[in-house]
Structure formats: structure tokens, C-alpha cells
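Asker: What follows is protein11.tsv; its format and atoms are TSV, C-alpha atoms.
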chain	number	residue	atom	x	y	z
F	872	MET	CA	-15.34	3.07	-3.19
F	873	HIS	CA	-14.36	2.25	0.39
F	874	PHE	CA	-12.39	5.00	2.11
F	875	GLN	CA	-9.83	3.87	4.72
F	876	LEU	CA	-9.98	6.95	6.94
F	877	GLN	CA	-8.52	5.41	10.10
F	878	GLU	CA	-5.61	3.88	8.19
F	879	ALA	CA	-4.95	7.21	6.44
F	880	ILE	CA	-4.85	9.14	9.72
F	881	THR	CA	-2.62	6.50	11.36
F	882	ASN	CA	-0.19	6.46	8.43
F	883	VAL	CA	0.16	10.25	8.36
F	884	LEU	CA	0.69	10.41	12.12
F	885	LEU	CA	3.34	7.70	11.95
F	886	LEU	CA	4.98	9.36	8.95
F	887	TRP	CA	5.38	12.59	10.93
F	888	ILE	CA	6.98	10.61	13.76
F	889	LEU	CA	9.27	8.66	11.43
F	890	THR	CA	10.26	11.59	9.22
F	891	ALA	CA	12.05	13.44	12.04
F	892	PRO	CA	14.80	10.84	12.75
F	893	HIS	CA	15.13	10.10	9.01
F	894	GLU	CA	15.80	13.70	8.00
F	895	PHE	CA	17.82	14.36	11.16
F	896	ALA	CA	20.12	11.48	10.16
F	897	HIS	CA	20.76	13.12	6.78
F	898	ALA	CA	21.48	16.47	8.41
F	899	TRP	CA	23.66	15.00	11.17
F	900	VAL	CA	25.84	12.95	8.82
F	901	ALA	CA	26.23	15.91	6.44
F	902	THR	CA	27.35	18.04	9.39
F	903	LEU	CA	29.83	15.37	10.49
F	904	LEU	CA	31.24	15.39	6.95
F	905	GLY	CA	31.84	19.14	7.09
F	906	ASP	CA	28.76	20.64	5.40
F	907	ASP	CA	27.15	23.36	7.52
F	908	THR	CA	24.20	23.80	5.14
F	909	PRO	CA	21.77	21.61	7.15
F	910	ARG	CA	22.69	23.43	10.37
F	911	ARG	CA	22.13	26.83	8.77
F	912	ASP	CA	18.76	25.58	7.48
F	913	GLY	CA	17.74	24.44	10.97
F	914	ARG	CA	17.58	20.78	9.99
F	915	VAL	CA	19.86	19.27	12.66
F	916	THR	CA	16.88	18.73	14.94
F	917	LEU	CA	14.35	16.04	15.87
F	918	ASN	CA	11.49	18.56	15.73
F	919	PRO	CA	9.08	17.05	13.14
F	920	VAL	CA	7.87	20.49	12.03
F	921	ALA	CA	11.34	21.30	10.66
F	922	HIS	CA	11.16	18.32	8.31
F	923	VAL	CA	7.60	18.54	7.00
F	924	ASP	CA	6.95	18.76	3.27
F	925	TRP	CA	3.21	19.39	3.15
F	926	LEU	CA	2.76	17.58	-0.16
F	927	GLY	CA	4.95	14.59	0.75
F	928	THR	CA	4.31	14.38	4.50
F	929	ALA	CA	0.60	15.16	4.66
F	930	ILE	CA	-1.44	15.46	1.45
F	931	LEU	CA	-0.11	12.55	-0.65
F	932	PRO	CA	0.24	9.97	2.15
F	933	PHE	CA	-3.26	10.79	3.39
F	934	ALA	CA	-4.77	10.59	-0.10
F	935	THR	CA	-3.00	7.38	-1.15
F	936	SER	CA	-3.81	5.66	2.16
F	937	LEU	CA	-7.42	6.87	2.09
F	938	LEU	CA	-7.97	5.48	-1.39
F	939	GLY	CA	-6.08	2.24	-0.69
F	940	GLY	CA	-3.68	2.89	-3.56
F	941	GLY	CA	-0.45	2.06	-1.77
F	942	PHE	CA	1.51	4.52	0.35
F	943	LEU	CA	3.37	7.51	-1.02
F	944	GLY	CA	5.17	9.94	1.26
F	945	TRP	CA	8.44	11.67	2.09
F	946	GLY	CA	9.88	14.44	4.26
F	947	LYS	CA	11.32	17.80	3.27
F	948	PRO	CA	14.66	17.05	1.56
F	949	VAL	CA	17.77	18.14	3.46
F	950	ARG	CA	19.88	20.50	1.37
F	951	THR	CA	23.56	19.58	1.13
F	952	ASP	CA	26.52	21.06	-0.72
F	953	PRO	CA	28.72	18.26	-2.13
F	954	SER	CA	31.61	20.72	-2.47
F	955	LYS	CA	31.68	21.06	1.33
F	956	LEU	CA	31.32	17.34	2.07
F	957	LYS	CA	34.38	15.25	2.80
F	958	GLY	CA	34.57	12.88	-0.13
F	959	GLY	CA	32.41	15.06	-2.36
F	960	LEU	CA	29.87	12.90	-4.16
F	961	ASN	CA	30.99	9.84	-2.18
F	962	GLY	CA	30.15	11.80	0.95
F	963	LEU	CA	26.79	12.61	-0.61
F	964	ALA	CA	26.14	8.86	-0.91
F	965	LEU	CA	26.79	8.43	2.83
F	966	VAL	CA	24.40	11.28	3.60
F	967	ALA	CA	21.74	9.70	1.36
F	968	LEU	CA	22.10	6.26	2.98
F	969	ALA	CA	21.88	7.70	6.49
F	970	GLY	CA	18.12	8.22	6.16
F	971	PRO	CA	17.13	4.66	5.21
F	972	PHE	CA	19.61	3.30	7.78
F	973	SER	CA	17.88	5.37	10.46
F	974	ASN	CA	14.58	3.79	9.39
F	975	VAL	CA	15.97	0.33	10.19
F	976	ILE	CA	17.26	1.53	13.57
F	977	PHE	CA	13.95	3.18	14.42
F	978	ALA	CA	12.04	0.07	13.34
F	979	VAL	CA	14.01	-1.89	15.94
F	980	VAL	CA	13.31	0.79	18.58
F	981	LEU	CA	9.58	0.64	17.84
F	982	GLY	CA	9.76	-3.15	17.95
F	983	VAL	CA	11.25	-2.98	21.46
F	984	VAL	CA	8.43	-0.61	22.50
F	985	ALA	CA	5.77	-2.89	20.99
F	986	VAL	CA	7.05	-5.97	22.80
F	987	ALA	CA	7.53	-4.11	26.10
F	988	ILE	CA	3.97	-2.74	26.27
F	989	ALA	CA	2.10	-5.57	24.54
F	990	HIS	CA	0.39	-6.70	27.75
F	991	VAL	CA	0.01	-3.23	29.27
F	992	SER	CA	-1.46	-1.38	26.29
F	993	PRO	CA	-2.32	-3.65	23.34
F	994	ALA	CA	-3.69	-0.76	21.25
F	995	LEU	CA	-0.53	1.31	21.62
F	996	ALA	CA	1.59	-1.79	21.00
F	997	GLN	CA	-0.29	-2.37	17.74
F	998	PHE	CA	0.39	1.25	16.77
F	999	ALA	CA	4.10	0.64	17.37
F	1000	VAL	CA	3.96	-2.59	15.33
F	1001	ARG	CA	2.50	-0.66	12.40
F	1002	GLY	CA	5.33	1.82	12.90
F	1003	VAL	CA	7.87	-0.99	12.53
F	1004	TRP	CA	6.35	-1.94	9.18
F	1005	LEU	CA	6.04	1.66	7.96
F	1006	SER	CA	9.58	2.57	9.00
F	1007	LEU	CA	10.98	-0.33	6.96
F	1008	TYR	CA	8.66	0.52	4.06
F	1009	LEU	CA	9.91	4.12	4.05
F	1010	GLY	CA	13.51	2.93	4.16
F	1011	ILE	CA	12.98	0.78	1.05
F	1012	PHE	CA	10.83	3.40	-0.67
F	1013	ASN	CA	13.44	6.12	-0.18
F	1014	LEU	CA	16.07	4.00	-1.92
F	1015	LEU	CA	14.17	4.28	-5.22
F	1016	PRO	CA	16.46	6.20	-7.61
F	1017	VAL	CA	13.86	8.89	-8.29
F	1018	PRO	CA	14.07	12.56	-7.20
F	1019	PRO	CA	13.39	13.77	-4.53
F	1020	LEU	CA	14.09	10.43	-2.81
F	1021	ASP	CA	17.43	9.40	-1.28
F	1022	GLY	CA	18.12	6.91	-4.03
F	1023	SER	CA	18.38	9.77	-6.52
F	1024	LYS	CA	21.42	11.08	-4.62
F	1025	LEU	CA	23.03	7.70	-5.17
F	1026	LEU	CA	22.62	8.30	-8.90
F	1027	LEU	CA	24.59	11.53	-8.52
F	1028	ALA	CA	27.22	9.71	-6.47
F	1029	ALA	CA	27.47	7.18	-9.31
F	1030	ARG	CA	28.31	10.14	-11.59
F	1031	ILE	CA	25.40	9.81	-13.98
F	1032	PRO	CA	25.24	12.79	-16.37
F	1033	MET	CA	23.34	15.72	-14.88
F	1034	ALA	CA	21.20	15.92	-18.02
F	1035	ILE	CA	19.87	12.41	-17.33
F	1036	TYR	CA	19.28	13.25	-13.66
F	1037	LEU	CA	17.29	16.35	-14.59
F	1038	GLU	CA	15.27	14.36	-17.11
F	1039	ILE	CA	14.36	11.80	-14.43
F	1040	SER	CA	13.45	14.69	-12.13
F	1041	ARG	CA	10.93	15.99	-14.67
F	1042	PHE	CA	8.94	12.76	-14.43
F	1043	GLY	CA	9.80	11.91	-10.81
F	1044	PHE	CA	6.30	12.32	-9.43
F	1045	MET	CA	4.69	10.16	-12.12
F	1046	LEU	CA	7.39	7.50	-11.73
F	1047	LEU	CA	6.66	7.29	-8.01
F	1048	ILE	CA	2.91	6.97	-8.62
F	1049	VAL	CA	3.54	4.12	-11.07
F	1050	ALA	CA	6.04	2.40	-8.74
F	1051	VAL	CA	3.69	2.45	-5.75
F	1052	SER	CA	0.19	2.23	-7.21
F	1053	VAL	CA	0.44	0.55	-10.61
F	1054	SER	CA	3.54	-1.66	-10.81
F	1055	ASP	CA	4.27	-4.76	-8.75
F	1056	PHE	CA	7.06	-2.91	-7.00
F	1057	GLY	CA	4.64	-1.32	-4.53
F	1058	ARG	CA	3.40	-4.80	-3.58
F	1059	TRP	CA	6.98	-6.08	-3.26
F	1060	MET	CA	7.96	-3.20	-0.98
F	1061	ASN	CA	4.98	-3.97	1.20
F	1062	GLN	CA	5.84	-7.68	1.36
F	1063	TRP	CA	9.50	-7.00	2.15
F	1064	SER	CA	8.49	-4.58	4.91
F	1065	ILE	CA	6.05	-7.08	6.43
F	1066	TRP	CA	8.73	-9.79	6.37
F	1067	GLY	CA	11.25	-7.41	7.97
F	1068	ALA	CA	8.79	-6.35	10.67
F	1069	ARG	CA	7.96	-9.98	11.51
F	1070	THR	CA	11.66	-10.83	11.69
F	1071	ILE	CA	12.40	-7.93	14.06
F	1072	LEU	CA	9.45	-8.70	16.32
F	1073	THR	CA	10.25	-12.42	16.42
F	1074	MET	CA	13.84	-11.73	17.41
F	1075	LEU	CA	12.74	-9.38	20.21
F	1076	GLN	CA	10.19	-11.75	21.75
Using C-alpha cells, write down the structure from this file.

Answerer:
Amino acid sequence: MHFQLQEAITNVLLLWILTAPHEFAHAWVATLLGDDTPRRDGRVTLNPVAHVDWLGTAILPFATSLLGGGFLGWGKPVRTDPSKLKGGLNGLALVALAGPFSNVIFAVVLGVVAVAIAHVSPALAQFAVRGVWLSLYLGIFNLLPVPPLDGSKLLLAARIPMAIYLEISRFGFMLLIVAVSVSDFGRWMNQWSIWGARTILTMLQ
């Protein structure tokens, strides 16, 4: 078996960088909608340490990248109280979508950086290019309707019965493994992310 150590280290480093704006976006939008829970939890910050889930932001992404079995990773979920959010469960949907939307914005930012420094520091530019791809990948990945990902909050906003949500939660980890490593969906997410990254970089050049 061929271990991809450099790719694993790069992916985890980028994930730490990308997790901060993603989780901050959740916390910021929740605060704007009237929920003070993220602020009390210390989540309205761009400090990556505040958003680290050691299983989802370090162990799993390193292991899946090292073994070449796709990429599986997430940040520490931001706690919200739908009863405090303007719009209730509809507000919860906005909070959930804020994270993936921030991934698209940050992908564009990294694309600008990559193009700007391409001739000055090719190695750093390549790192930024990988960040464009990974940011888009994480945005798509987080929309999967599986707890603890953002897409699962959209299920709640769609008013699915809580019993069904809890049942999905029981098998959430295995569903994510299958989606990324076994099914074709992991390959599709990768292809969509590559296409998106190429589109962004082409438009910026």
C-alpha cells in the first residue's frame, strides 16, 4: 500500500485554514438572526482552534488522505437554538447554508492569491490552488444531508420527523464513509470541485 503522507499533511493543514471561516460564517449568521449561543460558546471568531473537532479536523482527514480513500473531514459544529433564531427552522436553514457559501467565497479569495503570486512563489501558489479545490469540495461535502454536516440541518428545516433524523444520526458516520470512499458520490464531488476550481482560476487569469 502506498501512503500519501505529503498529501495528508497538506490536506489537514488546509482543512484547519478553511474550517475557521466556515464555522465563523455559521456563528456570525446565527448571531445576526438573534441567537447568542455561538457567542457564548466563543465561536464568533476566526481562530481555528475554536473550531477544531479532533476527529473530524485532524484524525479522519489525515487517515483518509494518507490511505488515498477520498477525503473526509469537518469542523466542530456550531451550536444554535432554533427557538432564538428569527424564522425558527427557516433561520436554521440560513445558518446551515452560510458555511458552504463561505467555502465558495474563500475559494475565490484563494484563487486571487494563487494568480497574484504564481510568478513570485510557484510552490505557495500551488498550495493556494489546492485550497481552491478543497474549499469547494468541503462546501459540497457539507451539503450532504447526514449529521453532523450542514445538510442535516436542512433536513430539520424541511420538518422531517425527529425520529427519522435521529435514526440517520445513528448511522451518520458509516453513511459518510460509504459516500466518500465506496460510492461514486465521492468521485463526483471531486470532479465537481476540480471543475469549479478550474472555472474560478480561468476567470481570474

Asker: Let me make sure I understand: among F:Gly927, F:Pro1032, F:Pro1018, F:Pro909, which one has the smallest atom-to-atom distance to Gly944 of chain F if we use all atoms listed in the file?

Answerer: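 Checking each candidate against Gly944 of chain F, we get F:Gly927 as the closest.
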
Asker: Hey, what's within 8 Å of Leu1014 of chain F if we count only C-alpha atoms and toss same-chain stuff fewer than 6 positions away? As a PyMOL selection string, please?

Answerer: chain F and resi 971+1020-1023

Asker: Closest to Val983 of chain F among F:Ala1029, F:Val966, F:Asp1055, F:Val1003, using all atoms listed in the file?

Answerer: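 When distances to Val983 of chain F are compared using all atoms listed in the file, the smallest one comes from F:Val1003.
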
Asker: For the interface of segment 897-1008 of chain F with segment 1040-1054 of chain F (cut-off 12 Å, counting all atoms listed in the file), please tabulate each contacting residue of segment 897-1008 of chain F alongside its nearest pair of atoms and their separation in Å to one decimal, rows sorted by chain and increasing number, as JSON lines.

Answerer:
{"residue": "F:Leu926", "atom": "CA", "partner": "F:Phe1044", "partner_atom": "CA", "distance": 11.2}
{"residue": "F:Gly927", "atom": "CA", "partner": "F:Phe1044", "partner_atom": "CA", "distance": 10.5}
{"residue": "F:Leu931", "atom": "CA", "partner": "F:Ile1048", "partner_atom": "CA", "distance": 10.2}
{"residue": "F:Pro932", "atom": "CA", "partner": "F:Val1051", "partner_atom": "CA", "distance": 11.4}
{"residue": "F:Thr935", "atom": "CA", "partner": "F:Ser1052", "partner_atom": "CA", "distance": 8.6}
{"residue": "F:Ser936", "atom": "CA", "partner": "F:Ser1052", "partner_atom": "CA", "distance": 10.7}
{"residue": "F:Leu938", "atom": "CA", "partner": "F:Ser1052", "partner_atom": "CA", "distance": 10.5}
{"residue": "F:Gly939", "atom": "CA", "partner": "F:Ser1052", "partner_atom": "CA", "distance": 9.0}
{"residue": "F:Gly940", "atom": "CA", "partner": "F:Ser1052", "partner_atom": "CA", "distance": 5.4}
{"residue": "F:Gly941", "atom": "CA", "partner": "F:Ser1052", "partner_atom": "CA", "distance": 5.5}
{"residue": "F:Phe942", "atom": "CA", "partner": "F:Val1051", "partner_atom": "CA", "distance": 6.8}
{"residue": "F:Leu943", "atom": "CA", "partner": "F:Val1051", "partner_atom": "CA", "distance": 6.9}
{"residue": "F:Gly944", "atom": "CA", "partner": "F:Leu1047", "partner_atom": "CA", "distance": 9.8}
{"residue": "F:Trp945", "atom": "CA", "partner": "F:Leu1047", "partner_atom": "CA", "distance": 11.2}
{"residue": "F:Tyr1008", "atom": "CA", "partner": "F:Val1051", "partner_atom": "CA", "distance": 11.2}

Asker: For a test of reading the model, state the distance in Å between atom CA of Leu963 of chain F and atom CA of Leu1026 of chain F, rounded to one decimal.

Answerer: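 Separating atom CA of Leu963 of chain F from atom CA of Leu1026 of chain F is a distance of 10.2 Å.
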
Asker: Take atom CA of Ala1028 of chain F and atom CA of Ala967 of chain F and report the distance between them in Å, one decimal.

Answerer: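 For atom CA of Ala1028 of chain F relative to atom CA of Ala967 of chain F, the distance reads 9.6 Å.
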
Asker: Just give me the gap between atom CA of Ser954 of chain F and atom CA of Leu904 of chain F in Å, one decimal is fine.

Answerer: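 Going from atom CA of Ser954 of chain F over to atom CA of Leu904 of chain F, I get 10.8 Å.
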
Asker: Applying 9 Å and all atoms listed in the file, which residues near Asp907 of chain F remain after dropping the ones on its own chain fewer than 4 positions away? List them as a ChimeraX atom specification.

Answerer: /F:898,901-903,911-912,951-952,955

Asker: Which of these residues is nearest to Gly959 of chain F, using only C-alpha atoms: F:Arg1069, F:Lys947, F:Arg1030, F:His893?

Answerer: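 Closest candidate: F:Arg1030.
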
Asker: Please check which residues have atoms at most 9 Å from (7.8, 11.3, 9.6) in the file's coordinates, counting all atoms listed in the file, and write them as an mmCIF file with C-alpha atoms, keeping the file's coordinate frame.

Answerer:
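Writing done, so here's part.cif:
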data_model
loop_
_atom_site.group_PDB
_atom_site.id
_atom_site.type_symbol
_atom_site.label_atom_id
_atom_site.label_comp_id
_atom_site.auth_asym_id
_atom_site.auth_seq_id
_atom_site.Cartn_x
_atom_site.Cartn_y
_atom_site.Cartn_z
ATOM 1 C CA VAL F 883 0.160 10.250 8.360
ATOM 2 C CA LEU F 884 0.690 10.410 12.120
ATOM 3 C CA LEU F 885 3.340 7.700 11.950
ATOM 4 C CA LEU F 886 4.980 9.360 8.950
ATOM 5 C CA TRP F 887 5.380 12.590 10.930
ATOM 6 C CA ILE F 888 6.980 10.610 13.760
ATOM 7 C CA LEU F 889 9.270 8.660 11.430
ATOM 8 C CA THR F 890 10.260 11.590 9.220
ATOM 9 C CA ALA F 891 12.050 13.440 12.040
ATOM 10 C CA PRO F 892 14.800 10.840 12.750
ATOM 11 C CA HIS F 893 15.130 10.100 9.010
ATOM 12 C CA GLU F 894 15.800 13.700 8.000
ATOM 13 C CA PRO F 919 9.080 17.050 13.140
ATOM 14 C CA HIS F 922 11.160 18.320 8.310
ATOM 15 C CA VAL F 923 7.600 18.540 7.000
ATOM 16 C CA THR F 928 4.310 14.380 4.500
ATOM 17 C CA GLY F 944 5.170 9.940 1.260
ATOM 18 C CA TRP F 945 8.440 11.670 2.090
ATOM 19 C CA GLY F 946 9.880 14.440 4.260
ATOM 20 C CA SER F 1006 9.580 2.570 9.000
#

Asker: With only C-alpha atoms as the atoms that count, which of F:Leu995, F:Val980, F:Leu1009, F:Val1017 lies nearest to Tyr1036 of chain F?

Answerer: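 Nearest candidate to Tyr1036 of chain F out of F:Leu995, F:Val980, F:Leu1009, F:Val1017: F:Val1017.
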
Asker: Mind checking which residues fall within 6 Å of Ala969 of chain F, counting all atoms listed in the file, ignoring those fewer than 3 positions away in the same chain, and posting them as an NGL selection string?

Answerer: :F and (896-897 or 966 or 972)

Asker: Compare F:Gln877, F:Asn961, F:Trp925, F:Pro993 by their minimum atom-to-atom distance to Leu937 of chain F, counting all atoms listed in the file, and give me the closest one.

Answerer: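 Ranking F:Gln877, F:Asn961, F:Trp925, F:Pro993 by distance to Leu937 of chain F, first place goes to F:Gln877.
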
Asker: Could you check which of F:Leu1007, F:Ala994, F:Leu1027, F:Val949 is closest to Thr908 of chain F, using all atoms listed in the file?

Answerer: F:Val949

Asker: Starting from the incomplete input, reconstruct N, CA and C atoms of segment 938-962 of chain F and report them as an mmCIF file, in the coordinates of the input.

Answerer:
data_model
loop_
_atom_site.group_PDB
_atom_site.id
_atom_site.type_symbol
_atom_site.label_atom_id
_atom_site.label_comp_id
_atom_site.auth_asym_id
_atom_site.auth_seq_id
_atom_site.Cartn_x
_atom_site.Cartn_y
_atom_site.Cartn_z
ATOM 1 N N LEU F 938 -7.424 6.143 -0.209
ATOM 2 C CA LEU F 938 -7.970 5.480 -1.390
ATOM 3 C C LEU F 938 -7.484 4.045 -1.542
ATOM 4 N N GLY F 939 -6.581 3.618 -0.628
ATOM 5 C CA GLY F 939 -6.080 2.240 -0.690
ATOM 6 C C GLY F 939 -5.197 1.979 -1.885
ATOM 7 N N GLY F 940 -4.513 3.037 -2.378
ATOM 8 C CA GLY F 940 -3.680 2.890 -3.560
ATOM 9 C C GLY F 940 -2.206 2.803 -3.253
ATOM 10 N N GLY F 941 -1.847 2.109 -2.178
ATOM 11 C CA GLY F 941 -0.450 2.060 -1.770
ATOM 12 C C GLY F 941 -0.157 3.196 -0.805
ATOM 13 N N PHE F 942 1.122 3.451 -0.565
ATOM 14 C CA PHE F 942 1.510 4.520 0.350
ATOM 15 C C PHE F 942 2.628 5.324 -0.288
ATOM 16 N N LEU F 943 2.408 6.623 -0.391
ATOM 17 C CA LEU F 943 3.370 7.510 -1.020
ATOM 18 C C LEU F 943 3.627 8.682 -0.093
ATOM 19 N N GLY F 944 4.893 8.846 0.350
ATOM 20 C CA GLY F 944 5.170 9.940 1.260
ATOM 21 C C GLY F 944 6.665 10.135 1.483
ATOM 22 N N TRP F 945 7.048 11.355 1.823
ATOM 23 C CA TRP F 945 8.440 11.670 2.090
ATOM 24 C C TRP F 945 8.501 12.949 2.922
ATOM 25 N N GLY F 946 9.672 13.219 3.503
ATOM 26 C CA GLY F 946 9.880 14.440 4.260
ATOM 27 C C GLY F 946 10.515 15.511 3.394
ATOM 28 N N LYS F 947 10.674 16.690 3.963
ATOM 29 C CA LYS F 947 11.320 17.800 3.270
ATOM 30 C C LYS F 947 12.791 17.450 3.057
ATOM 31 N N PRO F 948 13.265 17.435 1.810
ATOM 32 C CA PRO F 948 14.660 17.050 1.560
ATOM 33 C C PRO F 948 15.649 17.964 2.288
ATOM 34 N N VAL F 949 16.708 17.382 2.811
ATOM 35 C CA VAL F 949 17.770 18.140 3.460
ATOM 36 C C VAL F 949 18.749 18.628 2.397
ATOM 37 N N ARG F 950 18.942 19.929 2.345
ATOM 38 C CA ARG F 950 19.880 20.500 1.370
ATOM 39 C C ARG F 950 21.321 20.227 1.803
ATOM 40 N N THR F 951 22.131 19.789 0.862
ATOM 41 C CA THR F 951 23.560 19.580 1.130
ATOM 42 C C THR F 951 24.363 20.170 -0.018
ATOM 43 N N ASP F 952 25.600 20.509 0.273
ATOM 44 C CA ASP F 952 26.520 21.060 -0.720
ATOM 45 C C ASP F 952 27.683 20.073 -0.880
ATOM 46 N N PRO F 953 27.668 19.264 -1.954
ATOM 47 C CA PRO F 953 28.720 18.260 -2.130
ATOM 48 C C PRO F 953 30.135 18.835 -2.091
ATOM 49 N N SER F 954 30.279 20.115 -2.476
ATOM 50 C CA SER F 954 31.610 20.720 -2.470
ATOM 51 C C SER F 954 32.149 20.912 -1.059
ATOM 52 N N LYS F 955 31.256 20.908 -0.059
ATOM 53 C CA LYS F 955 31.680 21.060 1.330
ATOM 54 C C LYS F 955 31.818 19.707 2.040
ATOM 55 N N LEU F 956 31.291 18.655 1.435
ATOM 56 C CA LEU F 956 31.320 17.340 2.070
ATOM 57 C C LEU F 956 32.664 16.666 1.882
ATOM 58 N N LYS F 957 33.175 16.065 2.934
ATOM 59 C CA LYS F 957 34.380 15.250 2.800
ATOM 60 C C LYS F 957 34.055 14.080 1.873
ATOM 61 N N GLY F 958 34.838 13.938 0.834
ATOM 62 C CA GLY F 958 34.570 12.880 -0.130
ATOM 63 C C GLY F 958 33.699 13.322 -1.288
ATOM 64 N N GLY F 959 33.216 14.555 -1.249
ATOM 65 C CA GLY F 959 32.410 15.060 -2.360
ATOM 66 C C GLY F 959 31.172 14.225 -2.611
ATOM 67 N N LEU F 960 31.044 13.693 -3.809
ATOM 68 C CA LEU F 960 29.870 12.900 -4.160
ATOM 69 C C LEU F 960 29.828 11.574 -3.398
ATOM 70 N N ASN F 961 30.988 11.047 -3.022
ATOM 71 C CA ASN F 961 30.990 9.840 -2.180
ATOM 72 C C ASN F 961 30.421 10.166 -0.802
ATOM 73 N N GLY F 962 30.739 11.347 -0.294
ATOM 74 C CA GLY F 962 30.150 11.800 0.950
ATOM 75 C C GLY F 962 28.647 11.977 0.815
#
